[in-house]
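Undergrad: Below is coords.csv; it holds CSV, C-alpha atoms.
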chain,number,residue,atom,x,y,z
A,1,MET,CA,29.4,-17.9,-18.6
A,2,THR,CA,28.4,-15.0,-20.8
A,3,PHE,CA,26.7,-11.8,-19.5
A,4,ASN,CA,23.5,-13.0,-21.2
A,5,HIS,CA,23.7,-16.4,-19.5
A,6,ALA,CA,24.4,-14.9,-16.1
A,7,ASN,CA,21.6,-12.3,-16.6
A,8,ARG,CA,19.0,-15.0,-17.4
A,9,ARG,CA,20.1,-17.2,-14.4
A,10,LEU,CA,20.0,-14.2,-12.0
A,11,HIS,CA,16.6,-13.2,-13.3
A,12,LEU,CA,15.3,-16.8,-12.6
A,13,TYR,CA,16.9,-17.6,-9.2
A,14,LEU,CA,16.2,-14.2,-7.7
A,15,ALA,CA,12.5,-14.6,-8.8
A,16,LEU,CA,12.3,-18.0,-7.3
A,17,GLY,CA,13.8,-17.0,-4.0
A,18,LEU,CA,11.5,-14.0,-3.7
A,19,LEU,CA,8.5,-15.7,-5.2
A,20,PRO,CA,6.5,-16.0,-1.9
A,21,TRP,CA,6.8,-12.3,-1.3
A,22,PHE,CA,6.0,-11.4,-4.8
A,23,PHE,CA,3.0,-13.7,-5.1
A,24,ILE,CA,1.6,-12.7,-1.7
A,25,TYR,CA,1.9,-9.0,-2.5
A,26,GLY,CA,-0.2,-9.7,-5.6
A,27,PHE,CA,-2.7,-12.0,-3.9
A,28,SER,CA,-3.1,-9.8,-0.8
A,29,SER,CA,-3.9,-6.8,-3.1
A,30,ILE,CA,-7.2,-8.5,-3.8
A,31,TYR,CA,-8.1,-8.1,-0.1
A,32,ILE,CA,-6.7,-4.5,-0.1
A,33,SER,CA,-8.6,-3.4,-3.2
A,34,HIS,CA,-11.8,-5.5,-2.7
A,35,GLY,CA,-11.9,-6.0,1.1
A,36,SER,CA,-15.3,-4.5,1.6
A,37,ALA,CA,-16.9,-6.6,-1.1
A,38,ILE,CA,-15.3,-9.8,0.3
A,39,GLN,CA,-16.5,-8.8,3.8
A,40,ARG,CA,-20.0,-8.3,2.5
A,41,ALA,CA,-19.9,-11.7,0.7
A,42,PHE,CA,-18.6,-13.5,3.9
A,43,PRO,CA,-20.1,-11.6,6.9
A,44,SER,CA,-19.2,-12.7,10.4
A,45,ASP,CA,-21.5,-12.4,13.4
A,46,GLN,CA,-18.6,-12.5,15.8
A,47,PRO,CA,-17.6,-9.1,17.4
A,48,VAL,CA,-14.5,-7.6,15.7
A,49,TRP,CA,-12.8,-6.9,19.1
A,50,SER,CA,-13.1,-8.8,22.3
A,51,SER,CA,-11.8,-7.6,25.7
A,52,ARG,CA,-8.6,-9.0,26.9
A,53,SER,CA,-8.1,-6.9,30.0
A,54,GLU,CA,-9.1,-3.6,31.5
A,55,GLN,CA,-7.6,-1.7,34.3
A,56,SER,CA,-7.8,1.7,36.0
A,57,ILE,CA,-4.5,3.5,35.8
A,58,ASP,CA,-3.3,7.0,35.9
A,59,LEU,CA,-0.7,7.5,33.2
A,60,ASP,CA,1.4,10.5,32.7
A,61,VAL,CA,0.7,11.1,29.0
A,62,PRO,CA,3.2,13.6,27.4
A,63,SER,CA,1.1,16.3,25.8
A,64,ASP,CA,3.5,16.7,22.9
A,65,GLY,CA,6.4,14.7,21.7
A,66,ASN,CA,7.0,11.0,21.4
A,67,LEU,CA,4.6,8.4,23.0
A,68,ARG,CA,6.7,5.4,22.1
A,69,THR,CA,8.5,5.1,25.4
A,70,LEU,CA,5.2,5.0,27.2
A,71,GLY,CA,3.8,2.5,24.6
A,72,LYS,CA,6.8,0.2,25.0
A,73,LYS,CA,6.4,0.2,28.8
A,74,ILE,CA,2.6,-0.6,28.6
A,75,LEU,CA,3.2,-3.4,26.2
A,76,SER,CA,6.0,-4.8,28.3
A,77,ASP,CA,3.7,-4.7,31.4
A,78,LEU,CA,1.1,-6.6,29.4
A,79,ASP,CA,3.6,-9.2,28.2
A,80,LEU,CA,3.1,-8.0,24.6
A,81,ALA,CA,6.6,-6.7,23.8
A,82,GLY,CA,7.4,-6.3,20.2
A,83,PRO,CA,7.0,-3.9,17.3
A,84,PHE,CA,4.0,-1.6,17.6
A,85,TYR,CA,2.3,1.5,16.4
A,86,ILE,CA,0.9,4.2,18.7
A,87,ALA,CA,-1.3,7.1,17.8
A,88,ARG,CA,-2.7,10.0,19.8
A,89,ARG,CA,-6.5,10.3,19.8
A,90,ASN,CA,-9.0,12.9,21.1
A,91,PHE,CA,-9.7,10.6,24.0
A,92,GLY,CA,-6.1,9.7,24.8
A,93,PHE,CA,-4.1,7.3,22.7
A,94,GLN,CA,-4.2,3.8,21.0
A,95,ILE,CA,-1.5,1.2,20.6
A,96,TYR,CA,-1.6,-1.5,17.9
A,97,ARG,CA,0.5,-4.6,18.5
A,98,VAL,CA,0.2,-6.5,15.3
A,99,THR,CA,1.6,-9.9,14.3
A,100,PHE,CA,0.7,-11.6,11.1
A,101,LEU,CA,-1.7,-13.9,12.9
A,102,HIS,CA,-3.0,-11.7,15.7
A,103,HIS,CA,-3.9,-8.1,16.3
A,104,VAL,CA,-4.1,-6.5,19.8
A,105,ARG,CA,-5.4,-3.0,20.3
A,106,ILE,CA,-4.8,-1.1,23.6
A,107,THR,CA,-6.9,2.0,24.3
A,108,TYR,CA,-6.1,4.6,27.0
A,109,ARG,CA,-8.9,7.0,27.8
A,110,THR,CA,-7.5,10.0,29.7
A,111,GLU,CA,-10.9,11.1,31.1
A,112,SER,CA,-11.7,7.8,32.8
A,113,SER,CA,-8.0,6.7,33.3
A,114,THR,CA,-8.8,3.3,31.8
A,115,LEU,CA,-6.5,1.1,29.9
A,116,ARG,CA,-8.3,-1.5,27.8
A,117,ALA,CA,-6.6,-4.3,25.8
A,118,GLU,CA,-8.6,-6.0,23.1
A,119,ASP,CA,-8.0,-9.0,20.8
A,120,ARG,CA,-9.1,-8.8,17.2
A,121,ARG,CA,-10.9,-11.8,15.8
A,122,PHE,CA,-8.9,-13.6,13.1
A,123,GLY,CA,-9.9,-12.5,9.6
A,124,TRP,CA,-8.4,-13.1,6.2
A,125,ARG,CA,-8.7,-9.5,5.3
A,126,GLU,CA,-6.5,-8.4,8.3
A,127,PHE,CA,-4.2,-11.4,7.8
A,128,PHE,CA,-3.4,-10.6,4.1
A,129,GLY,CA,-3.6,-6.8,4.9
A,130,THR,CA,-0.8,-7.2,7.4
A,131,LEU,CA,1.2,-9.4,5.0
A,132,HIS,CA,0.9,-6.6,2.5
A,133,THR,CA,1.5,-3.6,4.6
A,134,ARG,CA,4.1,-4.7,7.2
A,135,GLY,CA,7.3,-2.8,7.0
A,136,GLY,CA,9.2,0.1,8.4
A,137,PHE,CA,12.0,0.0,10.9
A,138,GLN,CA,11.8,0.1,14.7
A,139,GLU,CA,14.7,0.3,17.2
A,140,GLY,CA,15.6,-3.0,18.8
A,141,GLU,CA,13.2,-5.2,16.7
A,142,PHE,CA,15.6,-7.4,14.8
A,143,LEU,CA,13.2,-9.8,13.1
A,144,HIS,CA,10.7,-7.1,12.2
A,145,ASN,CA,13.6,-5.0,10.8
A,146,THR,CA,14.9,-8.1,8.9
A,147,TRP,CA,11.5,-8.5,7.3
A,148,SER,CA,11.6,-4.8,6.2
A,149,VAL,CA,15.1,-5.4,4.7
A,150,ILE,CA,13.6,-8.2,2.7
A,151,VAL,CA,10.8,-5.8,1.6
A,152,ASP,CA,13.5,-3.5,0.2
A,153,ILE,CA,15.2,-6.5,-1.5
A,154,VAL,CA,11.9,-7.4,-3.2
A,155,CYS,CA,11.6,-3.8,-4.4
A,156,VAL,CA,15.2,-3.8,-5.7
A,157,GLY,CA,14.4,-7.3,-7.2
A,158,ILE,CA,11.4,-5.8,-9.1
A,159,LEU,CA,13.6,-3.0,-10.5
A,160,LEU,CA,16.3,-5.6,-11.5
A,161,TRP,CA,13.6,-7.8,-13.2
A,162,ILE,CA,12.4,-4.9,-15.1
A,163,THR,CA,16.0,-4.0,-16.2
A,164,ARG,CA,17.0,-7.5,-17.0
A,165,GLY,CA,13.6,-8.2,-18.6
A,166,LEU,CA,14.1,-5.3,-21.0
A,167,ILE,CA,17.6,-6.5,-21.9
A,168,MET,CA,16.3,-10.1,-22.6
A,169,TRP,CA,13.4,-8.8,-24.6
A,170,TRP,CA,15.6,-6.6,-26.8
A,171,GLN,CA,17.7,-9.6,-27.7
A,172,LEU,CA,14.6,-11.4,-29.0
A,173,ILE,CA,14.5,-9.7,-32.4
A,174,ALA,CA,11.1,-11.3,-33.4
A,175,GLN,CA,9.4,-9.8,-30.3
A,176,ARG,CA,10.8,-6.3,-30.7
A,177,LYS,CA,8.0,-4.7,-32.7
A,178,TRP,CA,5.1,-5.9,-30.5
A,179,GLY,CA,7.3,-5.3,-27.4
A,180,ILE,CA,7.7,-1.7,-28.3
A,181,VAL,CA,3.9,-1.4,-28.8
A,182,ALA,CA,3.3,-3.0,-25.3
A,183,LEU,CA,6.0,-0.9,-23.6
A,184,GLY,CA,5.0,2.3,-25.3
A,185,GLY,CA,1.3,1.6,-24.8
A,186,GLY,CA,2.0,1.1,-21.1
A,187,PHE,CA,3.9,4.4,-20.7
A,188,VAL,CA,1.4,6.4,-22.7
A,189,THR,CA,-1.6,4.9,-20.7
A,190,PHE,CA,0.2,5.5,-17.4
A,191,PHE,CA,1.0,9.1,-18.4
A,192,LEU,CA,-2.6,9.8,-19.5
A,193,PHE,CA,-3.8,8.5,-16.1
A,194,MET,CA,-1.3,10.9,-14.3
A,195,LEU,CA,-2.8,13.8,-16.3
A,196,SER,CA,-6.3,12.8,-15.6
A,197,PHE,CA,-6.0,12.9,-11.7
B,1,MET,CA,5.5,-27.1,-25.3
B,2,GLY,CA,2.1,-25.9,-26.6
B,3,ALA,CA,1.3,-24.0,-23.4
B,4,SER,CA,4.7,-22.3,-23.4
B,5,LEU,CA,3.8,-20.7,-26.7
B,6,ILE,CA,1.1,-18.8,-24.9
B,7,ILE,CA,2.7,-18.5,-21.4
B,8,ARG,CA,6.1,-17.0,-22.5
B,9,PRO,CA,4.8,-14.1,-24.7
B,10,THR,CA,2.1,-13.3,-22.2
B,11,HIS,CA,4.7,-13.2,-19.5
B,12,LEU,CA,6.8,-10.8,-21.6
B,13,TYR,CA,4.2,-8.5,-23.1
B,14,LEU,CA,2.2,-8.1,-19.9
B,15,ALA,CA,5.5,-7.2,-18.1
B,16,LEU,CA,6.3,-4.7,-20.8
B,17,PHE,CA,2.9,-3.0,-20.7
B,18,LEU,CA,2.8,-2.9,-16.9
B,19,THR,CA,6.4,-1.6,-16.5
B,20,PRO,CA,5.4,1.9,-15.4
B,21,TRP,CA,3.0,0.5,-12.7
B,22,MET,CA,5.6,-1.9,-11.4
B,23,LEU,CA,8.2,0.9,-11.3
B,24,MET,CA,5.8,3.1,-9.4
B,25,TYR,CA,4.8,0.3,-6.9
B,26,ALA,CA,8.4,-0.8,-6.3
B,27,ILE,CA,9.8,2.8,-5.7
B,28,SER,CA,6.9,3.9,-3.6
B,29,THR,CA,7.2,0.8,-1.4
B,30,VAL,CA,10.8,1.7,-0.7
B,31,ALA,CA,9.6,5.2,0.2
B,32,MET,CA,6.9,3.8,2.5
B,33,ASN,CA,9.3,1.4,4.1
B,34,HIS,CA,11.7,4.3,5.0
B,35,ARG,CA,9.4,7.0,6.3
B,36,GLY,CA,11.9,7.6,9.0
B,37,TRP,CA,14.5,8.8,6.5
B,38,PHE,CA,12.1,11.3,5.1
B,39,GLU,CA,11.1,12.6,8.5
B,40,ASP,CA,14.8,13.1,9.3
B,41,TYR,CA,15.3,14.8,5.9
B,42,TYR,CA,12.3,17.2,6.2
B,43,GLY,CA,12.6,17.6,10.0
B,44,GLU,CA,8.9,16.7,10.3
B,45,ARG,CA,6.4,14.2,9.0
B,46,ALA,CA,6.4,14.3,5.2
B,47,VAL,CA,2.7,15.0,5.0
B,48,GLN,CA,2.2,18.7,5.8
B,49,TRP,CA,-0.6,21.1,4.8
B,50,GLU,CA,-0.5,24.8,4.2
B,51,VAL,CA,-3.5,27.1,4.1
B,52,GLU,CA,-4.1,28.3,0.6
B,53,SER,CA,-7.2,30.5,1.1
B,54,GLU,CA,-10.1,31.3,3.4
B,55,GLU,CA,-13.3,32.9,2.2
B,56,ARG,CA,-17.0,33.2,2.8
B,57,TYR,CA,-19.0,31.1,0.4
B,58,ALA,CA,-22.7,30.7,0.3
B,59,VAL,CA,-24.0,27.3,-1.1
B,60,THR,CA,-26.7,28.0,-3.6
B,61,LEU,CA,-28.4,24.6,-3.7
B,62,GLY,CA,-32.0,23.8,-2.8
B,63,ALA,CA,-33.5,23.7,0.7
B,64,ASP,CA,-32.2,20.3,1.6
B,65,PRO,CA,-28.9,19.6,-0.3
B,66,SER,CA,-26.9,16.4,0.3
B,67,ARG,CA,-23.3,16.4,1.4
B,68,ALA,CA,-22.2,15.1,-2.0
B,69,GLU,CA,-24.1,18.0,-3.8
B,70,VAL,CA,-22.4,20.6,-1.6
B,71,ALA,CA,-19.0,19.0,-2.1
B,72,ASN,CA,-19.5,19.0,-5.9
B,73,GLN,CA,-20.6,22.7,-5.9
B,74,ILE,CA,-17.6,23.7,-3.8
B,75,LEU,CA,-15.2,21.9,-6.0
B,76,SER,CA,-16.8,23.4,-9.0
B,77,HIS,CA,-16.6,26.9,-7.4
B,78,LEU,CA,-12.9,26.3,-6.8
B,79,GLY,CA,-12.3,24.9,-10.3
B,80,ILE,CA,-10.8,21.7,-9.0
B,81,GLU,CA,-13.5,19.1,-9.8
B,82,GLY,CA,-12.4,15.5,-9.8
B,83,ALA,CA,-12.0,12.4,-7.5
B,84,HIS,CA,-12.6,13.3,-3.9
B,85,ASN,CA,-13.7,12.0,-0.5
B,86,THR,CA,-16.1,13.8,1.8
B,87,GLY,CA,-16.4,13.5,5.5
B,88,GLY,CA,-18.2,15.2,8.4
B,89,ARG,CA,-21.8,16.4,8.9
B,90,LEU,CA,-23.4,19.0,6.7
B,91,GLY,CA,-25.1,20.5,9.8
B,92,ARG,CA,-21.7,21.1,11.4
B,93,ARG,CA,-18.7,21.0,9.1
B,94,ILE,CA,-17.7,18.9,6.1
B,95,THR,CA,-14.2,18.1,4.9
B,96,ILE,CA,-13.6,17.4,1.2
B,97,THR,CA,-10.3,15.9,0.2
B,98,ARG,CA,-9.6,16.4,-3.5
B,99,ASP,CA,-7.6,13.3,-4.2
B,100,ASN,CA,-5.0,14.3,-6.8
B,101,PRO,CA,-1.6,12.7,-6.0
B,102,TRP,CA,0.3,15.6,-7.5
B,103,ASP,CA,-1.7,18.3,-5.8
B,104,THR,CA,-4.0,17.2,-3.1
B,105,ARG,CA,-6.3,19.7,-1.4
B,106,ARG,CA,-8.3,19.6,1.8
B,107,ILE,CA,-11.3,21.8,1.9
B,108,THR,CA,-13.2,22.5,5.1
B,109,PHE,CA,-16.6,24.1,4.9
B,110,THR,CA,-18.6,25.3,7.9
B,111,PRO,CA,-22.2,26.0,6.8
B,112,SER,CA,-23.1,28.0,10.0
B,113,ASP,CA,-20.7,30.8,9.1
B,114,SER,CA,-20.2,29.9,5.4
B,115,LEU,CA,-16.4,29.7,6.0
B,116,LEU,CA,-14.5,27.9,3.2
B,117,LYS,CA,-10.9,27.0,4.0
B,118,VAL,CA,-8.6,25.5,1.4
B,119,GLU,CA,-5.4,23.7,2.4
B,120,ARG,CA,-2.8,22.4,0.0
B,121,ARG,CA,-0.7,19.3,0.8
B,122,LEU,CA,3.0,20.0,0.2
B,123,SER,CA,4.0,18.2,-2.9
B,124,ARG,CA,6.8,16.1,-1.5
B,125,LEU,CA,8.1,13.1,-3.5
B,126,PRO,CA,7.5,10.4,-0.9
B,127,VAL,CA,3.9,11.7,-0.3
B,128,ILE,CA,3.2,11.7,-4.0
B,129,LEU,CA,4.5,8.2,-4.4
B,130,GLU,CA,2.5,6.9,-1.4
B,131,SER,CA,-0.7,8.5,-2.9
B,132,LEU,CA,-0.1,6.8,-6.2
B,133,HIS,CA,0.5,3.5,-4.4
B,134,ARG,CA,-2.6,3.7,-2.4
B,135,ARG,CA,-4.9,5.0,-5.1
B,136,ARG,CA,-7.6,2.4,-5.8
B,137,GLY,CA,-10.1,4.3,-7.9
B,138,GLY,CA,-13.3,2.2,-7.5
B,139,TYR,CA,-15.8,0.5,-9.8
B,140,GLN,CA,-18.6,2.5,-8.3
B,141,HIS,CA,-16.8,5.8,-9.0
B,142,PRO,CA,-18.7,8.2,-11.2
B,143,ILE,CA,-15.5,9.4,-12.9
B,144,VAL,CA,-14.6,7.1,-15.8
B,145,THR,CA,-10.8,7.4,-15.4
B,146,GLU,CA,-11.0,6.4,-11.7
B,147,HIS,CA,-13.0,3.3,-12.9
B,148,LEU,CA,-10.4,2.6,-15.5
B,149,TRP,CA,-7.6,3.0,-13.0
B,150,SER,CA,-9.3,0.3,-10.9
B,151,VAL,CA,-9.1,-2.0,-14.0
B,152,THR,CA,-5.3,-1.4,-14.2
B,153,VAL,CA,-4.8,-2.0,-10.5
B,154,ASP,CA,-6.7,-5.4,-10.9
B,155,LEU,CA,-4.6,-6.1,-14.0
B,156,VAL,CA,-1.4,-5.6,-12.0
B,157,ILE,CA,-2.8,-8.0,-9.3
B,158,ILE,CA,-3.6,-10.7,-11.9
B,159,ALA,CA,-0.3,-10.1,-13.6
B,160,MET,CA,1.8,-10.5,-10.4
B,161,MET,CA,0.2,-13.9,-9.7
B,162,PHE,CA,0.5,-14.9,-13.3
B,163,TRP,CA,4.2,-13.9,-13.4
B,164,ALA,CA,4.8,-16.1,-10.3
B,165,GLY,CA,3.0,-19.0,-11.8
B,166,SER,CA,4.4,-18.6,-15.3
B,167,GLY,CA,7.9,-18.1,-13.8
B,168,ILE,CA,7.6,-21.5,-12.1
B,169,TRP,CA,6.4,-23.1,-15.4
B,170,MET,CA,9.3,-21.6,-17.4
B,171,TRP,CA,11.8,-22.7,-14.7
B,172,TRP,CA,10.5,-26.2,-14.6
B,173,GLU,CA,10.9,-26.5,-18.4
B,174,MET,CA,14.7,-25.9,-18.1
B,175,SER,CA,15.9,-29.1,-16.5
B,176,VAL,CA,19.4,-27.8,-16.1
B,177,THR,CA,18.2,-25.1,-13.6
B,178,ARG,CA,15.9,-27.4,-11.6
B,179,ARG,CA,18.2,-28.2,-8.7
B,180,LEU,CA,19.4,-24.7,-7.9
B,181,GLY,CA,16.0,-23.3,-8.7
B,182,ALA,CA,14.4,-25.7,-6.2
B,183,ILE,CA,16.9,-24.6,-3.5
B,184,ALA,CA,16.2,-20.9,-4.2
B,185,LEU,CA,12.4,-21.5,-4.1
B,186,GLY,CA,12.7,-23.8,-1.0
B,187,VAL,CA,14.8,-21.2,0.9
B,188,GLY,CA,12.3,-18.5,0.0
B,189,LEU,CA,9.3,-20.5,1.2
B,190,LEU,CA,11.0,-21.6,4.4
B,191,LEU,CA,12.1,-18.0,5.2
B,192,TYR,CA,8.5,-16.8,4.5
B,193,ALA,CA,7.0,-19.4,6.8
B,194,PHE,CA,9.5,-18.6,9.5
B,195,PHE,CA,8.5,-14.9,9.5
B,196,LEU,CA,4.9,-15.8,9.3
B,197,VAL,CA,5.0,-17.6,12.7
B,198,THR,CA,7.6,-15.5,14.5
B,199,ILE,CA,6.6,-11.8,13.9
Will you turn the file into structure tokens for me?
TA:
Amino acid sequence: MTFNHANRRLHLYLALGLLPWFFIYGFSSIYISHGSAIQRAFPSDQPVWSSRSEQSIDLDVPSDGNLRTLGKKILSDLDLAGPFYIARRNFGFQIYRVTFLHHVRITYRTESSTLRAEDRRFGWREFFGTLHTRGGFQEGEFLHNTWSVIVDIVCVGILLWITRGLIMWWQLIAQRKWGIVALGGGFVTFFLFMLSF
Amino acid sequence: MGASLIIRPTHLYLALFLTPWMLMYAISTVAMNHRGWFEDYYGERAVQWEVESEERYAVTLGADPSRAEVANQILSHLGIEGAHNTGGRLGRRITITRDNPWDTRRITFTPSDSLLKVERRLSRLPVILESLHRRRGGYQHPIVTEHLWSVTVDLVIIAMMFWAGSGIWMWWEMSVTRRLGAIALGVGLLLYAFFLVTI
């Protein structure tokens, strides 16, 4: 097998294996870029959040530093263990426990010492938004972290497709001239955009 | 074979033209996927602001100016006109974020005491990359280049779906690669479905 042959096969098989990720990153971008317009076109009269549970509880919220230990314990108590995001708010803090199919929001209000868990209604915008944005690494979350490793592989895959694509294009002598125009045009356009910001 | 005469060159030239965008999206995604690395590297969150200036500034618009008018006048006064977002209430305090990935500024204006505070976001590589990745522009945007940037973002979206479809087409045309290709595609689809229901 020649380098050229191996290059073409790798380009193809890697693309086929990672095709679901690549396609969904493209498709979900429609919801990311045009989500508001889609929501206006298909409005829903269901409330976005519905109550799952509410309790009065005095939590010792650390005034500075990491809230993750507290967040993990709250999720565990609510049988919602798994990867999550936590953010400090003026009124206390909020935890988001997000799976591809389901979002739960937990709000703690310091003033009233209430912990409220809410389910988000299913929506395609949130579904595709989560497929698009999920990533990052969290301690002890094996499957979530494996997904994030695949996200890295997709990115490396894109860089490899670009490199191998350029090699394969250069070997097509008939396409060189128009290829240079397309590649050069792309870089000039991109550079002009960068200057315009 | 007829369709291939269109599909193959479109696949190629579209990829060549959009190479800078795909490079930017791939590299910025790695940066966003590894925010923890950068936090360790900088010893703090990568997004940080430093105060650039504070001054008294009197808005010279009419009796009942809108928030957008005030924002435009402030940006013009500072000599940094361009794409921006404005939040807050004119009666209390407004915050203008001048959205330039290379040099983002946050301007806070308090009309009651005419205080104008300008903060500059530290130009760190992962932050710049993330800003570029998230930049949408907008078809309603009054600035033409922002409008055009939206066109290129949509072109990337269409291209990604086209490359996926045309890739399958070109693979299917090569009968010698069908078996291994089907395995690669099948494994990818199964893995994706597995993650979809488990995490």
Undergrad: Taking all atoms listed in the file into account, name the residue in B:Glu54, B:Glu119, B:Glu44, B:Asp64 that is nearest to chain A.
TA: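 For chain A, the nearest of the candidates is B:Glu44.
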Undergrad: Write out as JSON, numbers by chain the residues lying within 9 Å of A:Tyr25, counting only C-alpha atoms and excluding same-chain residues fewer than 5 positions away.
TA: {"A": [20, 128, 131, 132, 133], "B": [157, 160, 161]}
Undergrad: Give me, as CSV, each residue of chain B that comes within 7 Å of chain A, together with its shortest interatomic pair and the distance in Å at one decimal, counting all atoms listed in the file, with rows ordered by chain and rising residue number.
TA:
residue,atom,partner,partner_atom,distance
B:Tyr13,CA,A:Ala182,CA,6.0
B:Leu16,CA,A:Leu183,CA,4.7
B:Phe17,CA,A:Gly186,CA,4.2
B:Leu18,CA,A:Gly186,CA,5.9
B:Thr19,CA,A:Gly186,CA,6.9
B:Pro20,CA,A:Phe187,CA,6.0
B:Leu23,CA,A:Leu159,CA,6.7
B:Ala26,CA,A:Cys155,CA,4.8
B:Ile27,CA,A:Cys155,CA,7.0
B:Val30,CA,A:Asp152,CA,5.9
B:Asn33,CA,A:Gly136,CA,4.5
B:His34,CA,A:Gly136,CA,6.0
B:Asn100,CA,A:Phe197,CA,5.2
B:Arg136,CA,A:Ser33,CA,6.4
B:Ile157,CA,A:Gly26,CA,4.8
B:Met160,CA,A:Gly26,CA,5.3
B:Met161,CA,A:Phe23,CA,5.4
B:Ala164,CA,A:Phe23,CA,6.0
B:Gly181,CA,A:Tyr13,CA,5.8
B:Ala184,CA,A:Gly17,CA,4.6
B:Leu185,CA,A:Gly17,CA,4.7
B:Val187,CA,A:Gly17,CA,6.5
B:Gly188,CA,A:Gly17,CA,4.5
B:Leu189,CA,A:Pro20,CA,6.1
B:Tyr192,CA,A:Pro20,CA,6.8
B:Leu196,CA,A:Phe100,CA,6.2
B:Ile199,CA,A:Thr99,CA,5.4
Undergrad: Just C-alpha atoms for this one: save the residues we selected as a PDB file, in the coordinates of the input.
TA:
ATOM      1  CA  TYR B  13       4.200  -8.500 -23.100  1.00  0.00           C
ATOM      2  CA  LEU B  16       6.300  -4.700 -20.800  1.00  0.00           C
ATOM      3  CA  PHE B  17       2.900  -3.000 -20.700  1.00  0.00           C
ATOM      4  CA  LEU B  18       2.800  -2.900 -16.900  1.00  0.00           C
ATOM      5  CA  THR B  19       6.400  -1.600 -16.500  1.00  0.00           C
ATOM      6  CA  PRO B  20       5.400   1.900 -15.400  1.00  0.00           C
ATOM      7  CA  LEU B  23       8.200   0.900 -11.300  1.00  0.00           C
ATOM      8  CA  ALA B  26       8.400  -0.800  -6.300  1.00  0.00           C
ATOM      9  CA  ILE B  27       9.800   2.800  -5.700  1.00  0.00           C
ATOM     10  CA  VAL B  30      10.800   1.700  -0.700  1.00  0.00           C
ATOM     11  CA  ASN B  33       9.300   1.400   4.100  1.00  0.00           C
ATOM     12  CA  HIS B  34      11.700   4.300   5.000  1.00  0.00           C
ATOM     13  CA  ASN B 100      -5.000  14.300  -6.800  1.00  0.00           C
ATOM     14  CA  ARG B 136      -7.600   2.400  -5.800  1.00  0.00           C
ATOM     15  CA  ILE B 157      -2.800  -8.000  -9.300  1.00  0.00           C
ATOM     16  CA  MET B 160       1.800 -10.500 -10.400  1.00  0.00           C
ATOM     17  CA  MET B 161       0.200 -13.900  -9.700  1.00  0.00           C
ATOM     18  CA  ALA B 164       4.800 -16.100 -10.300  1.00  0.00           C
ATOM     19  CA  GLY B 181      16.000 -23.300  -8.700  1.00  0.00           C
ATOM     20  CA  ALA B 184      16.200 -20.900  -4.200  1.00  0.00           C
ATOM     21  CA  LEU B 185      12.400 -21.500  -4.100  1.00  0.00           C
ATOM     22  CA  VAL B 187      14.800 -21.200   0.900  1.00  0.00           C
ATOM     23  CA  GLY B 188      12.300 -18.500   0.000  1.00  0.00           C
ATOM     24  CA  LEU B 189       9.300 -20.500   1.200  1.00  0.00           C
ATOM     25  CA  TYR B 192       8.500 -16.800   4.500  1.00  0.00           C
ATOM     26  CA  LEU B 196       4.900 -15.800   9.300  1.00  0.00           C
ATOM     27  CA  ILE B 199       6.600 -11.800  13.900  1.00  0.00           C
TER      28      ILE B 199
END
Undergrad: So which residues touch B:Glu52 within 10 Å, counting only C-alpha atoms, skipping near sequence neighbours fewer than 2 positions away, as a list in words?
TA: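 Within the cut-off, the hits are Trp49, Glu50, Glu54, Arg105, Arg106, Ile107, Lys117, Val118, Glu119, Arg120 and Arg121 of chain B.
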Undergrad: Could you jot down the atom CA of B:Thr95 to atom CA of B:Gln48 separation for me, Å, one decimal place?
TA: 16.4 Å
Undergrad: Tell me, in Å to one decimal, how far atom CA of B:Ser66 is from atom CA of B:Val144.
TA: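 Going from atom CA of B:Ser66 over to atom CA of B:Val144, I get 22.3 Å.
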